[in-house]
Every structure is written in structure tokens, then in C-alpha cells.
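Q: Input structure: run27.pdb, which contains PDB, C-alpha atoms, pLDDT in the B column.
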ATOM      1  CA  SER A   1      87.273  99.141  82.913  1.00 46.00           C
ATOM      2  CA  GLN A   2      89.883  96.601  81.887  1.00 46.00           C
ATOM      3  CA  GLN A   3      93.393  97.815  81.587  1.00 64.00           C
ATOM      4  CA  GLY A   4      96.741  96.503  80.543  1.00 71.00           C
ATOM      5  CA  GLU A   5      99.301  96.666  83.315  1.00 83.00           C
ATOM      6  CA  GLU A   6     102.931  96.860  82.337  1.00 86.00           C
ATOM      7  CA  ASP A   7     105.774  95.412  84.288  1.00 88.00           C
ATOM      8  CA  PRO A   8     108.267  96.685  85.227  1.00 93.00           C
ATOM      9  CA  GLN A   9     107.285 100.322  85.700  1.00 92.00           C
ATOM     10  CA  ALA A  10     110.838 101.367  84.940  1.00 95.00           C
ATOM     11  CA  LEU A  11     113.783  99.621  83.312  1.00 96.00           C
ATOM     12  CA  SER A  12     117.355 100.780  82.893  1.00 97.00           C
ATOM     13  CA  ILE A  13     119.764  98.909  80.635  1.00 97.00           C
ATOM     14  CA  GLN A  14     122.933  99.521  78.684  1.00 97.00           C
ATOM     15  CA  GLU A  15     123.110  99.934  74.959  1.00 97.00           C
ATOM     16  CA  GLY A  16     123.324  96.602  73.191  1.00 97.00           C
ATOM     17  CA  GLU A  17     121.364  94.712  75.829  1.00 97.00           C
ATOM     18  CA  ASN A  18     117.871  93.342  75.307  1.00 98.00           C
ATOM     19  CA  ALA A  19     114.859  94.911  77.011  1.00 97.00           C
ATOM     20  CA  THR A  20     111.771  92.940  77.942  1.00 97.00           C
ATOM     21  CA  MET A  21     108.507  94.481  79.048  1.00 97.00           C
ATOM     22  CA  ASN A  22     105.416  92.591  80.109  1.00 96.00           C
ATOM     23  CA  CYS A  23     101.746  93.405  79.945  1.00 95.00           C
ATOM     24  CA  SER A  24      98.859  91.714  81.717  1.00 95.00           C
ATOM     25  CA  TYR A  25      95.193  92.332  81.112  1.00 94.00           C
ATOM     26  CA  LYS A  26      91.917  91.199  82.585  1.00 92.00           C
ATOM     27  CA  THR A  27      89.326  90.198  79.997  1.00 87.00           C
ATOM     28  CA  SER A  28      89.055  88.828  76.465  1.00 90.00           C
ATOM     29  CA  ILE A  29      90.533  90.944  73.716  1.00 91.00           C
ATOM     30  CA  ASN A  30      90.460  91.237  69.932  1.00 91.00           C
ATOM     31  CA  ASN A  31      94.009  92.456  69.710  1.00 93.00           C
ATOM     32  CA  LEU A  32      96.865  93.880  71.743  1.00 94.00           C
ATOM     33  CA  GLN A  33      99.019  96.765  70.608  1.00 95.00           C
ATOM     34  CA  TRP A  34     102.282  98.293  71.745  1.00 97.00           C
ATOM     35  CA  TYR A  35     103.104 101.970  71.511  1.00 97.00           C
ATOM     36  CA  ARG A  36     106.148 104.106  72.219  1.00 97.00           C
ATOM     37  CA  GLN A  37     106.088 107.630  73.598  1.00 96.00           C
ATOM     38  CA  ASN A  38     109.030 109.964  73.781  1.00 94.00           C
ATOM     39  CA  SER A  39     108.785 112.449  76.607  1.00 86.00           C
ATOM     40  CA  GLY A  40     105.575 114.465  76.328  1.00 76.00           C
ATOM     41  CA  ARG A  41     105.064 113.665  72.666  1.00 87.00           C
ATOM     42  CA  GLY A  42     102.434 111.731  70.781  1.00 89.00           C
ATOM     43  CA  LEU A  43     102.382 107.959  70.880  1.00 95.00           C
ATOM     44  CA  VAL A  44     103.788 105.970  68.000  1.00 96.00           C
ATOM     45  CA  HIS A  45     102.264 102.632  67.077  1.00 96.00           C
ATOM     46  CA  LEU A  46     104.834  99.826  67.117  1.00 97.00           C
ATOM     47  CA  ILE A  47     103.026  96.562  66.559  1.00 96.00           C
ATOM     48  CA  LEU A  48      99.591  94.954  66.691  1.00 95.00           C
ATOM     49  CA  ILE A  49      99.045  91.300  67.507  1.00 95.00           C
ATOM     50  CA  ARG A  50      95.645  89.682  67.065  1.00 94.00           C
ATOM     51  CA  SER A  51      94.108  87.356  69.604  1.00 94.00           C
ATOM     52  CA  ASN A  52      94.648  84.344  67.341  1.00 95.00           C
ATOM     53  CA  GLU A  53      98.355  85.090  66.916  1.00 96.00           C
ATOM     54  CA  ARG A  54     101.066  84.008  69.332  1.00 97.00           C
ATOM     55  CA  GLU A  55     104.127  85.855  68.141  1.00 98.00           C
ATOM     56  CA  LYS A  56     104.969  88.718  65.847  1.00 97.00           C
ATOM     57  CA  HIS A  57     108.183  90.394  64.746  1.00 96.00           C
ATOM     58  CA  SER A  58     108.976  93.828  63.413  1.00 95.00           C
ATOM     59  CA  GLY A  59     112.650  94.714  62.992  1.00 97.00           C
ATOM     60  CA  ARG A  60     114.238  94.533  66.462  1.00 97.00           C
ATOM     61  CA  LEU A  61     110.859  94.077  68.120  1.00 98.00           C
ATOM     62  CA  ARG A  62     109.339  90.766  69.112  1.00 98.00           C
ATOM     63  CA  VAL A  63     105.900  90.544  70.661  1.00 98.00           C
ATOM     64  CA  THR A  64     104.310  87.463  72.166  1.00 98.00           C
ATOM     65  CA  LEU A  65     100.741  86.959  73.260  1.00 98.00           C
ATOM     66  CA  ASP A  66      99.446  84.301  75.619  1.00 97.00           C
ATOM     67  CA  THR A  67      95.678  84.581  75.781  1.00 96.00           C
ATOM     68  CA  SER A  68      95.405  81.753  78.312  1.00 96.00           C
ATOM     69  CA  LYS A  69      97.500  83.786  80.761  1.00 96.00           C
ATOM     70  CA  LYS A  70      96.146  87.110  79.519  1.00 96.00           C
ATOM     71  CA  SER A  71      99.629  88.434  79.047  1.00 96.00           C
ATOM     72  CA  SER A  72     101.958  89.811  76.402  1.00 97.00           C
ATOM     73  CA  SER A  73     105.612  90.679  76.242  1.00 97.00           C
ATOM     74  CA  LEU A  74     107.597  93.127  74.147  1.00 98.00           C
ATOM     75  CA  LEU A  75     111.252  92.344  73.511  1.00 98.00           C
ATOM     76  CA  ILE A  76     113.568  94.962  72.072  1.00 98.00           C
ATOM     77  CA  THR A  77     116.810  93.379  70.971  1.00 98.00           C
ATOM     78  CA  ALA A  78     120.180  95.133  70.789  1.00 97.00           C
ATOM     79  CA  SER A  79     118.788  98.280  72.362  1.00 97.00           C
ATOM     80  CA  ARG A  80     120.006 101.743  71.395  1.00 97.00           C
ATOM     81  CA  ALA A  81     120.008 105.051  73.233  1.00 96.00           C
ATOM     82  CA  ALA A  82     117.270 106.168  70.831  1.00 95.00           C
ATOM     83  CA  ASP A  83     114.994 103.458  72.274  1.00 97.00           C
ATOM     84  CA  THR A  84     114.772 105.466  75.495  1.00 97.00           C
ATOM     85  CA  ALA A  85     111.055 106.166  75.866  1.00 97.00           C
ATOM     86  CA  SER A  86     107.902 105.001  77.615  1.00 96.00           C
ATOM     87  CA  TYR A  87     106.240 101.905  76.224  1.00 97.00           C
ATOM     88  CA  PHE A  88     102.543 101.202  76.543  1.00 95.00           C
ATOM     89  CA  CYS A  89     100.450  98.175  75.831  1.00 95.00           C
ATOM     90  CA  ALA A  90      96.859  98.705  74.786  1.00 94.00           C
ATOM     91  CA  THR A  91      94.082  96.166  74.543  1.00 93.00           C
ATOM     92  CA  GLY A  92      91.493  96.307  71.800  1.00 89.00           C
ATOM     93  CA  THR A  93      88.011  95.013  72.410  1.00 83.00           C
ATOM     94  CA  GLY A  94      84.765  95.329  70.497  1.00 72.00           C
ATOM     95  CA  THR A  95      85.061  97.995  67.840  1.00 66.00           C
ATOM     96  CA  ALA A  96      88.330  99.380  66.581  1.00 61.00           C
ATOM     97  CA  SER A  97      87.726 102.529  68.599  1.00 67.00           C
ATOM     98  CA  LYS A  98      87.775 100.886  72.008  1.00 78.00           C
ATOM     99  CA  LEU A  99      91.425 100.760  73.014  1.00 87.00           C
ATOM    100  CA  THR A 100      92.447 100.705  76.669  1.00 89.00           C
ATOM    101  CA  PHE A 101      95.977 101.624  77.679  1.00 91.00           C
ATOM    102  CA  GLY A 102      98.134 100.562  80.572  1.00 89.00           C
ATOM    103  CA  THR A 103     100.272 102.919  82.629  1.00 88.00           C
ATOM    104  CA  GLY A 104     103.475 102.159  80.742  1.00 92.00           C
ATOM    105  CA  THR A 105     107.079 101.065  81.236  1.00 95.00           C
ATOM    106  CA  ARG A 106     109.734 103.746  81.235  1.00 95.00           C
ATOM    107  CA  LEU A 107     112.836 102.439  79.458  1.00 97.00           C
ATOM    108  CA  GLN A 108     116.203 104.129  79.852  1.00 97.00           C
ATOM    109  CA  VAL A 109     119.031 102.965  77.596  1.00 97.00           C
ATOM    110  CA  THR A 110     122.430 104.287  78.572  1.00 95.00           C
ATOM    111  CA  LEU A 111     125.634 104.390  76.535  1.00 90.00           C
TER     112      LEU A 111
ATOM    113  CA  GLU B   1     102.166 113.266  54.881  1.00 87.00           C
ATOM    114  CA  ALA B   2      99.657 111.121  56.767  1.00 86.00           C
ATOM    115  CA  GLN B   3      98.982 112.778  60.078  1.00 94.00           C
ATOM    116  CA  VAL B   4      96.644 113.789  62.862  1.00 97.00           C
ATOM    117  CA  THR B   5      96.759 117.503  63.580  1.00 97.00           C
ATOM    118  CA  GLN B   6      95.699 118.955  66.904  1.00 97.00           C
ATOM    119  CA  ASN B   7      95.425 122.599  67.825  1.00 97.00           C
ATOM    120  CA  PRO B   8      96.452 124.321  69.941  1.00 97.00           C
ATOM    121  CA  ARG B   9      99.582 122.618  71.287  1.00 96.00           C
ATOM    122  CA  TYR B  10      99.469 124.583  74.521  1.00 97.00           C
ATOM    123  CA  LEU B  11      96.547 126.320  76.182  1.00 97.00           C
ATOM    124  CA  ILE B  12      96.128 128.081  79.493  1.00 97.00           C
ATOM    125  CA  THR B  13      92.590 129.077  80.360  1.00 96.00           C
ATOM    126  CA  VAL B  14      90.451 130.051  83.323  1.00 97.00           C
ATOM    127  CA  THR B  15      87.812 127.997  85.036  1.00 97.00           C
ATOM    128  CA  GLY B  16      84.466 128.111  83.251  1.00 97.00           C
ATOM    129  CA  LYS B  17      85.620 129.574  79.955  1.00 97.00           C
ATOM    130  CA  LYS B  18      84.447 127.332  77.119  1.00 97.00           C
ATOM    131  CA  LEU B  19      87.148 126.004  74.838  1.00 97.00           C
ATOM    132  CA  THR B  20      87.533 123.734  71.836  1.00 98.00           C
ATOM    133  CA  VAL B  21      90.528 121.625  70.891  1.00 98.00           C
ATOM    134  CA  THR B  22      90.489 120.801  67.208  1.00 98.00           C
ATOM    135  CA  CYS B  23      91.577 117.521  65.645  1.00 98.00           C
ATOM    136  CA  SER B  24      91.869 116.715  61.972  1.00 98.00           C
ATOM    137  CA  GLN B  25      93.164 113.643  60.117  1.00 98.00           C
ATOM    138  CA  ASN B  26      94.018 113.291  56.436  1.00 96.00           C
ATOM    139  CA  MET B  27      93.949 109.489  56.172  1.00 95.00           C
ATOM    140  CA  ASN B  28      90.218 108.969  55.616  1.00 95.00           C
ATOM    141  CA  HIS B  29      90.028 106.948  58.842  1.00 95.00           C
ATOM    142  CA  GLU B  30      86.622 105.927  60.128  1.00 93.00           C
ATOM    143  CA  TYR B  31      87.632 105.723  63.768  1.00 94.00           C
ATOM    144  CA  MET B  32      88.772 108.618  65.933  1.00 95.00           C
ATOM    145  CA  SER B  33      89.347 108.960  69.669  1.00 95.00           C
ATOM    146  CA  TRP B  34      90.282 111.431  72.347  1.00 97.00           C
ATOM    147  CA  TYR B  35      92.513 110.497  75.272  1.00 96.00           C
ATOM    148  CA  ARG B  36      93.841 112.331  78.255  1.00 97.00           C
ATOM    149  CA  GLN B  37      97.143 111.461  79.870  1.00 95.00           C
ATOM    150  CA  ASP B  38      97.882 112.109  83.520  1.00 94.00           C
ATOM    151  CA  PRO B  39     100.936 111.074  85.579  1.00 89.00           C
ATOM    152  CA  GLY B  40     100.461 107.671  87.143  1.00 84.00           C
ATOM    153  CA  LEU B  41      97.158 107.081  85.353  1.00 87.00           C
ATOM    154  CA  GLY B  42      98.310 106.412  81.821  1.00 87.00           C
ATOM    155  CA  LEU B  43      96.034 107.249  78.910  1.00 92.00           C
ATOM    156  CA  ARG B  44      92.316 107.208  79.464  1.00 94.00           C
ATOM    157  CA  GLN B  45      89.776 107.355  76.675  1.00 94.00           C
ATOM    158  CA  ILE B  46      87.361 110.279  76.788  1.00 96.00           C
ATOM    159  CA  TYR B  47      85.212 109.768  73.699  1.00 96.00           C
ATOM    160  CA  TYR B  48      85.449 107.863  70.473  1.00 93.00           C
ATOM    161  CA  SER B  49      83.738 107.892  67.110  1.00 94.00           C
ATOM    162  CA  MET B  50      83.190 105.063  64.653  1.00 91.00           C
ATOM    163  CA  ASN B  51      82.077 107.280  61.796  1.00 92.00           C
ATOM    164  CA  VAL B  52      80.343 110.533  60.946  1.00 95.00           C
ATOM    165  CA  GLU B  53      77.584 111.312  63.456  1.00 95.00           C
ATOM    166  CA  VAL B  54      78.462 108.188  65.505  1.00 93.00           C
ATOM    167  CA  THR B  55      80.115 108.913  68.849  1.00 94.00           C
ATOM    168  CA  ASP B  56      80.250 107.133  72.183  1.00 92.00           C
ATOM    169  CA  LYS B  57      81.589 107.678  75.664  1.00 93.00           C
ATOM    170  CA  GLY B  58      84.926 106.304  76.732  1.00 92.00           C
ATOM    171  CA  ASP B  59      86.055 105.816  80.293  1.00 91.00           C
ATOM    172  CA  VAL B  60      86.170 109.452  81.442  1.00 96.00           C
ATOM    173  CA  PRO B  61      83.591 111.453  79.450  1.00 97.00           C
ATOM    174  CA  GLU B  62      82.341 113.754  82.226  1.00 97.00           C
ATOM    175  CA  GLY B  63      82.866 117.417  81.430  1.00 97.00           C
ATOM    176  CA  TYR B  64      83.591 116.854  77.740  1.00 98.00           C
ATOM    177  CA  LYS B  65      81.639 116.922  74.499  1.00 98.00           C
ATOM    178  CA  VAL B  66      82.552 115.872  70.986  1.00 98.00           C
ATOM    179  CA  SER B  67      81.048 116.054  67.536  1.00 96.00           C
ATOM    180  CA  ARG B  68      81.758 114.285  64.259  1.00 97.00           C
ATOM    181  CA  LYS B  69      80.082 116.227  61.488  1.00 97.00           C
ATOM    182  CA  GLU B  70      82.794 115.442  58.948  1.00 97.00           C
ATOM    183  CA  LYS B  71      84.931 112.350  58.643  1.00 97.00           C
ATOM    184  CA  ARG B  72      88.212 114.214  59.018  1.00 97.00           C
ATOM    185  CA  ASN B  73      87.382 116.362  62.054  1.00 98.00           C
ATOM    186  CA  PHE B  74      86.710 115.399  65.656  1.00 98.00           C
ATOM    187  CA  PRO B  75      86.784 118.431  67.978  1.00 98.00           C
ATOM    188  CA  LEU B  76      86.845 118.128  71.770  1.00 98.00           C
ATOM    189  CA  ILE B  77      84.747 120.690  73.611  1.00 98.00           C
ATOM    190  CA  LEU B  78      85.032 121.674  77.248  1.00 98.00           C
ATOM    191  CA  GLU B  79      81.896 123.663  78.015  1.00 96.00           C
ATOM    192  CA  SER B  80      82.984 124.752  81.493  1.00 97.00           C
ATOM    193  CA  PRO B  81      86.588 123.701  82.161  1.00 98.00           C
ATOM    194  CA  SER B  82      87.689 122.994  85.715  1.00 98.00           C
ATOM    195  CA  PRO B  83      91.192 122.596  87.186  1.00 98.00           C
ATOM    196  CA  ASN B  84      90.825 118.787  87.289  1.00 97.00           C
ATOM    197  CA  GLN B  85      90.743 118.864  83.493  1.00 98.00           C
ATOM    198  CA  THR B  86      94.312 120.106  83.424  1.00 98.00           C
ATOM    199  CA  SER B  87      96.008 117.388  81.424  1.00 97.00           C
ATOM    200  CA  LEU B  88      97.767 116.349  78.238  1.00 97.00           C
ATOM    201  CA  TYR B  89      95.199 115.520  75.548  1.00 98.00           C
ATOM    202  CA  PHE B  90      95.686 113.350  72.494  1.00 97.00           C
ATOM    203  CA  CYS B  91      93.544 112.825  69.458  1.00 97.00           C
ATOM    204  CA  ALA B  92      94.041 109.658  67.429  1.00 96.00           C
ATOM    205  CA  SER B  93      92.594 107.958  64.380  1.00 96.00           C
ATOM    206  CA  THR B  94      92.674 104.530  62.813  1.00 93.00           C
ATOM    207  CA  ALA B  95      91.214 102.274  60.192  1.00 89.00           C
ATOM    208  CA  ARG B  96      89.748  99.015  61.459  1.00 80.00           C
ATOM    209  CA  GLY B  97      92.389  96.389  62.185  1.00 80.00           C
ATOM    210  CA  TYR B  98      95.296  98.797  62.386  1.00 87.00           C
ATOM    211  CA  GLY B  99      97.051 100.732  65.098  1.00 91.00           C
ATOM    212  CA  TYR B 100      96.172 104.281  65.996  1.00 93.00           C
ATOM    213  CA  THR B 101      97.940 107.331  64.603  1.00 96.00           C
ATOM    214  CA  PHE B 102      98.252 109.949  67.334  1.00 96.00           C
ATOM    215  CA  GLY B 103      98.441 113.711  67.188  1.00 97.00           C
ATOM    216  CA  SER B 104     101.224 115.625  68.921  1.00 96.00           C
ATOM    217  CA  GLY B 105      99.118 116.466  71.932  1.00 97.00           C
ATOM    218  CA  THR B 106      97.541 119.518  73.556  1.00 97.00           C
ATOM    219  CA  ARG B 107      98.766 120.519  76.977  1.00 97.00           C
ATOM    220  CA  LEU B 108      95.867 122.194  78.745  1.00 98.00           C
ATOM    221  CA  THR B 109      96.117 124.100  81.997  1.00 98.00           C
ATOM    222  CA  VAL B 110      92.949 125.335  83.707  1.00 98.00           C
ATOM    223  CA  VAL B 111      93.508 127.880  86.471  1.00 97.00           C
TER     224      VAL B 111
END
Now, as a test, write the supplied structure out as C-alpha cells.

A:
Amino acid sequence: SQQGEEDPQALSIQEGENATMNCSYKTSINNLQWYRQNSGRGLVHLILIRSNEREKHSGRLRVTLDTSKKSSSLLITASRAADTASYFCATGTGTASKLTFGTGTRLQVTL
Amino acid sequence: EAQVTQNPRYLITVTGKKLTVTCSQNMNHEYMSWYRQDPGLGLRQIYYSMNVEVTDKGDVPEGYKVSRKEKRNFPLILESPSPNQTSLYFCASTARGYGYTFGSGTRLTVV
């Protein structure tokens, strides 16, 4: 089955720096979503970008989508220690229920 | 508070002993899903439901059953659990066009 693949697998930055995570996928999608997961807890939805959109912002988050390259990026600006978490991209196809996740990027933000 | 509630949070059971993990949402969402999360494999969809009495297999349905008799509830049933079903399980719900709301997870160990 198709799957988003995040890159890098792990990222360590200092507080105040920007963090960029990338996601690549294989087939056509209806939308692409980003989620955050703190260790062992439930995932929290961050942002959804539709296939006809190229860029979307939410607070310190900026998501881009390039359907020609089948890729997306998540930028977190001015990172904080509280941003330390795993970040997953998920591709939506067909019905709203069909959402396929990647394996995630583990972000560590140090003081 | 809008939420997805899973029970139990932790469960240790023995091989072959039938178990049910409950999931309930209070947001009147049509769509609900079950995922399992394993190290290195990310989240994989087990089953999903588009409405009452409408369910379909995800990517890893073997060994699991679900039912959707009411809109708010979507229980996951393991008829004969095996050790390879030891995992972290998440229930999630959404309305079409929006991101998923996840439960807090159920950590299942089968010995």
C-alpha cells in the first residue's frame, strides 16, 4: 500500500531554530495531513492540505505540497522545547477513512 | 470536551483469550478507524468505518474484527490474540474533509 516516507528519520536542533521535515509518497492523493505525537501518546492533528493547494500556514507551521514531485514539507519556525515529538505525514485517498501514515520524523529541540 | 475515548489503556492477556477494546467518540463523526503502531513500522490501518454498519479492511486486518452498530462506538475485537498482536492501538474519528481525532491509545501485550 502507498505510504508517506518522512525524511529525516531524526532531527536535533536548538531552541529558536527552524525545523524542516519532508514527506514523499507514491500515488495520487486527495489530501496530505501532518500529525504530532508525544512519546507513546495519541496523535494530534496539525494541518491538512488538499491536493489543489500548494501552501498552508497555521501559527508557526508552514506546509507545502508539490503534487508533481509527490512530496510535502513541514516547517516549524522558531522551535521550542515543547515541539519535541514525532511528526508524521499521512496521505488521504478515496474516502475520508483511508489515511496512510509514514514512519515519522523524531524531532528533538534542546535548550 | 470533544474526544475519542478508548478502554482499557493497558492490557496484558494470554494467547487465545478473546478481548475487546472499546472506542467511543462524542463528535458525531461518520468516519472511524483503528490503527496499530509498532516500532519502525509507523501506524498501520486495521479497519475503518464510513458509517453505521459500513466497515472495510485496512492494511493489516488479519486477526481482528470490528463492528459499527452505533455511530459513536467502534469496538476492536481480537477473537484469538497472538503474541504478534502485541502493539499500541489507536482509535480515531473524523468528519469528511478534516483531520482525525485520536484516542489516547491502548497498549496491548499478549503473552

Q: Which residues are near Arg107 (chain B)? Cut-off 10 Å, all atoms listed in the file, ignore same chain within fewer than 4 positions. Put them as a PyMOL selection string.

A: (chain A and resi 40) or (chain B and resi 7-12+36-37+86-90)

Q: Between A:Thr91, A:Asn52, A:Ser79, A:Ser86, single out the one closest to Ile13 (chain A), counting all atoms listed in the file.

A: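 Using all atoms listed in the file, the shortest distance to Ile13 (chain A) belongs to A:Ser79.
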
Q: Show me, as CSV, the residues of chain A having an atom within 10 Å of chain B, each with the closest atom pair and its distance in Å, using only C-alpha atoms.

A:
residue,atom,partner,partner_atom,distance
A:Ser1,CA,B:Asp59,CA,7.3
A:Gln3,CA,B:Arg44,CA,9.7
A:Glu5,CA,B:Gly42,CA,9.9
A:Asn30,CA,B:Gly97,CA,9.5
A:Asn31,CA,B:Gly97,CA,8.6
A:Leu32,CA,B:Gly99,CA,9.5
A:Gln33,CA,B:Gly99,CA,7.1
A:Trp34,CA,B:Gly99,CA,8.8
A:Tyr35,CA,B:Gly99,CA,8.9
A:Gly40,CA,B:Gly105,CA,8.1
A:Arg41,CA,B:Ser104,CA,5.7
A:Gly42,CA,B:Ser104,CA,4.5
A:Leu43,CA,B:Phe102,CA,5.8
A:Val44,CA,B:Phe102,CA,6.9
A:His45,CA,B:Gly99,CA,5.9
A:Leu46,CA,B:Gly99,CA,8.1
A:Ile47,CA,B:Gly99,CA,7.4
A:Leu48,CA,B:Gly99,CA,6.5
A:Ile49,CA,B:Tyr98,CA,9.8
A:Arg50,CA,B:Gly97,CA,8.9
A:Phe88,CA,B:Gly42,CA,8.5
A:Ala90,CA,B:Leu43,CA,9.5
A:Gly92,CA,B:Gly97,CA,9.7
A:Thr95,CA,B:Met50,CA,8.0
A:Ala96,CA,B:Arg96,CA,5.3
A:Ser97,CA,B:Tyr31,CA,5.8
A:Lys98,CA,B:Tyr48,CA,7.5
A:Leu99,CA,B:Gln45,CA,7.7
A:Thr100,CA,B:Arg44,CA,7.1
A:Phe101,CA,B:Leu43,CA,5.8
A:Gly102,CA,B:Gly42,CA,6.0
A:Thr103,CA,B:Gly42,CA,4.1
A:Gly104,CA,B:Gly42,CA,6.8

Q: Just say which residues the PyMOL selection byres ((chain B and resi 3) around 9) picks in this file, as a JSON list (two decimals) with C-alpha atoms, keeping the file's coordinate frame.

A:
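Okay, out_27.json is ready:
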[["chain", "number", "residue", "atom", "x", "y", "z"],
["B", 1, "GLU", "CA", 102.17, 113.27, 54.88],
["B", 2, "ALA", "CA", 99.66, 111.12, 56.77],
["B", 4, "VAL", "CA", 96.64, 113.79, 62.86],
["B", 5, "THR", "CA", 96.76, 117.50, 63.58],
["B", 24, "SER", "CA", 91.87, 116.72, 61.97],
["B", 25, "GLN", "CA", 93.16, 113.64, 60.12],
["B", 26, "ASN", "CA", 94.02, 113.29, 56.44],
["B", 27, "MET", "CA", 93.95, 109.49, 56.17],
["B", 101, "THR", "CA", 97.94, 107.33, 64.60],
["B", 102, "PHE", "CA", 98.25, 109.95, 67.33],
["B", 103, "GLY", "CA", 98.44, 113.71, 67.19]]

Q: Can you tell me how far CA of Thr20 (chain B) sits from CA of Asn51 (chain B), in Å to one decimal?

A: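 Distance between the two atoms: 20.0 Å.
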
Q: Work out how far CA of Ile46 (chain B) is from CA of Asp83 (chain A), in Å to one decimal.

A: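 Separation between CA of Asp83 (chain A) and CA of Ile46 (chain B): 28.8 Å.
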
Q: Can you pull out every residue within 8 Å of region 60-62 of chain A, counting only C-alpha atoms, but drop anything in the same chain fewer than 5 positions away, and send it as a PDB file with C-alpha atoms, keeping the file's coordinate frame?

A:
ATOM      1  CA  GLU A  55     104.127  85.855  68.141  1.00 98.00           C
ATOM      2  CA  LEU A  74     107.597  93.127  74.147  1.00 98.00           C
ATOM      3  CA  LEU A  75     111.252  92.344  73.511  1.00 98.00           C
ATOM      4  CA  ILE A  76     113.568  94.962  72.072  1.00 98.00           C
ATOM      5  CA  THR A  77     116.810  93.379  70.971  1.00 98.00           C
ATOM      6  CA  ALA A  78     120.180  95.133  70.789  1.00 97.00           C
TER       7      ALA A  78
END

Q: Write out as a short mmCIF file (atom, residue, chain, number, x, y, z; two decimals) with C-alpha atoms, in the frame of the given file which residues come within 9 Å of Glu79 (chain B) when counting only C-alpha atoms, dropping same-chain ones fewer than 4 positions away.

A:
data_model
loop_
_atom_site.label_atom_id
_atom_site.label_comp_id
_atom_site.auth_asym_id
_atom_site.auth_seq_id
_atom_site.Cartn_x
_atom_site.Cartn_y
_atom_site.Cartn_z
CA GLY B 16 84.47 128.11 83.25
CA LYS B 17 85.62 129.57 79.96
CA LYS B 18 84.45 127.33 77.12
CA LEU B 19 87.15 126.00 74.84
CA THR B 20 87.53 123.73 71.84
CA GLY B 63 82.87 117.42 81.43
CA TYR B 64 83.59 116.85 77.74
CA LYS B 65 81.64 116.92 74.50
#

Q: Between A:Asn18, A:Ser24, A:Ser39, A:Ser68, single out the one closest to Ser51 (chain A), counting all atoms listed in the file.

A: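 Going through A:Asn18, A:Ser24, A:Ser39, A:Ser68 one by one, the smallest distance to Ser51 (chain A) is for A:Ser68.
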
Q: For Ile77 (chain B), which residue among B:His29, B:Leu108, B:Val21, B:Glu53 is the nearest when counting only C-alpha atoms?

A: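 So, comparing all the options, the nearest one is B:Val21.
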
Q: For CA of Gly16 (chain A) and CA of Gln37 (chain A), determine how far apart the two atoms are, in Å to one decimal place.

A: 20.5 Å

Q: Counting only C-alpha atoms, which of B:Thr13, B:Val52, B:Gln6, B:Asn73 gets nearest to Gln85 (chain B)?

A: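 Ranking B:Thr13, B:Val52, B:Gln6, B:Asn73 by distance to Gln85 (chain B), first place goes to B:Thr13.
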
Q: Determine, counting only C-alpha atoms, which protein, DNA and RNA residues have an atom within 7 Å of an atom of Ser73 (chain A); residues of the same chain fewer than 2 positions away are not included. Present the result as a list of chain:residue names.

A: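 Residues meeting the cut-off are A:Thr20, A:Met21, A:Asn22, A:Cys23, A:Val63, A:Thr64, A:Leu65, A:Ser71, A:Leu75.
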
Q: How would region 14-25 of chain B read, as a PDB file, in the frame of the given file, once N, CA, C and O atoms are built in?

A:
ATOM      1  N   VAL B  14      91.004 129.887  81.975  1.00 97.00           N
ATOM      2  CA  VAL B  14      90.451 130.051  83.323  1.00 97.00           C
ATOM      3  C   VAL B  14      89.230 129.175  83.503  1.00 97.00           C
ATOM      4  O   VAL B  14      88.549 128.806  82.529  1.00 97.00           O
ATOM      5  N   THR B  15      88.965 128.839  84.716  1.00 97.00           N
ATOM      6  CA  THR B  15      87.812 127.997  85.036  1.00 97.00           C
ATOM      7  C   THR B  15      86.532 128.579  84.459  1.00 97.00           C
ATOM      8  O   THR B  15      86.263 129.772  84.598  1.00 97.00           O
ATOM      9  N   GLY B  16      85.771 127.720  83.762  1.00 97.00           N
ATOM     10  CA  GLY B  16      84.466 128.111  83.251  1.00 97.00           C
ATOM     11  C   GLY B  16      84.451 128.698  81.860  1.00 97.00           C
ATOM     12  O   GLY B  16      83.373 128.887  81.290  1.00 97.00           O
ATOM     13  N   LYS B  17      85.590 128.971  81.290  1.00 97.00           N
ATOM     14  CA  LYS B  17      85.620 129.574  79.955  1.00 97.00           C
ATOM     15  C   LYS B  17      85.648 128.479  78.892  1.00 97.00           C
ATOM     16  O   LYS B  17      86.657 127.773  78.732  1.00 97.00           O
ATOM     17  N   LYS B  18      84.590 128.383  78.129  1.00 97.00           N
ATOM     18  CA  LYS B  18      84.447 127.332  77.119  1.00 97.00           C
ATOM     19  C   LYS B  18      85.616 127.321  76.151  1.00 97.00           C
ATOM     20  O   LYS B  18      86.107 128.367  75.720  1.00 97.00           O
ATOM     21  N   LEU B  19      86.065 126.122  75.807  1.00 97.00           N
ATOM     22  CA  LEU B  19      87.148 126.004  74.838  1.00 97.00           C
ATOM     23  C   LEU B  19      86.942 124.782  73.949  1.00 97.00           C
ATOM     24  O   LEU B  19      86.238 123.833  74.313  1.00 97.00           O
ATOM     25  N   THR B  20      87.579 124.847  72.793  1.00 98.00           N
ATOM     26  CA  THR B  20      87.533 123.734  71.836  1.00 98.00           C
ATOM     27  C   THR B  20      88.944 123.398  71.407  1.00 98.00           C
ATOM     28  O   THR B  20      89.726 124.287  71.056  1.00 98.00           O
ATOM     29  N   VAL B  21      89.263 122.116  71.431  1.00 98.00           N
ATOM     30  CA  VAL B  21      90.528 121.625  70.891  1.00 98.00           C
ATOM     31  C   VAL B  21      90.191 120.926  69.577  1.00 98.00           C
ATOM     32  O   VAL B  21      89.353 120.011  69.547  1.00 98.00           O
ATOM     33  N   THR B  22      90.821 121.377  68.512  1.00 98.00           N
ATOM     34  CA  THR B  22      90.489 120.801  67.208  1.00 98.00           C
ATOM     35  C   THR B  22      91.377 119.602  66.900  1.00 98.00           C
ATOM     36  O   THR B  22      92.509 119.495  67.387  1.00 98.00           O
ATOM     37  N   CYS B  23      90.844 118.708  66.092  1.00 98.00           N
ATOM     38  CA  CYS B  23      91.577 117.521  65.645  1.00 98.00           C
ATOM     39  C   CYS B  23      91.162 117.217  64.218  1.00 98.00           C
ATOM     40  O   CYS B  23      89.959 117.135  63.917  1.00 98.00           O
ATOM     41  N   SER B  24      92.146 117.009  63.372  1.00 98.00           N
ATOM     42  CA  SER B  24      91.869 116.715  61.972  1.00 98.00           C
ATOM     43  C   SER B  24      92.832 115.642  61.486  1.00 98.00           C
ATOM     44  O   SER B  24      94.011 115.668  61.819  1.00 98.00           O
ATOM     45  N   GLN B  25      92.304 114.685  60.697  1.00 98.00           N
ATOM     46  CA  GLN B  25      93.164 113.643  60.117  1.00 98.00           C
ATOM     47  C   GLN B  25      92.964 113.603  58.610  1.00 98.00           C
ATOM     48  O   GLN B  25      91.872 113.852  58.101  1.00 98.00           O
TER      49      GLN B  25
END
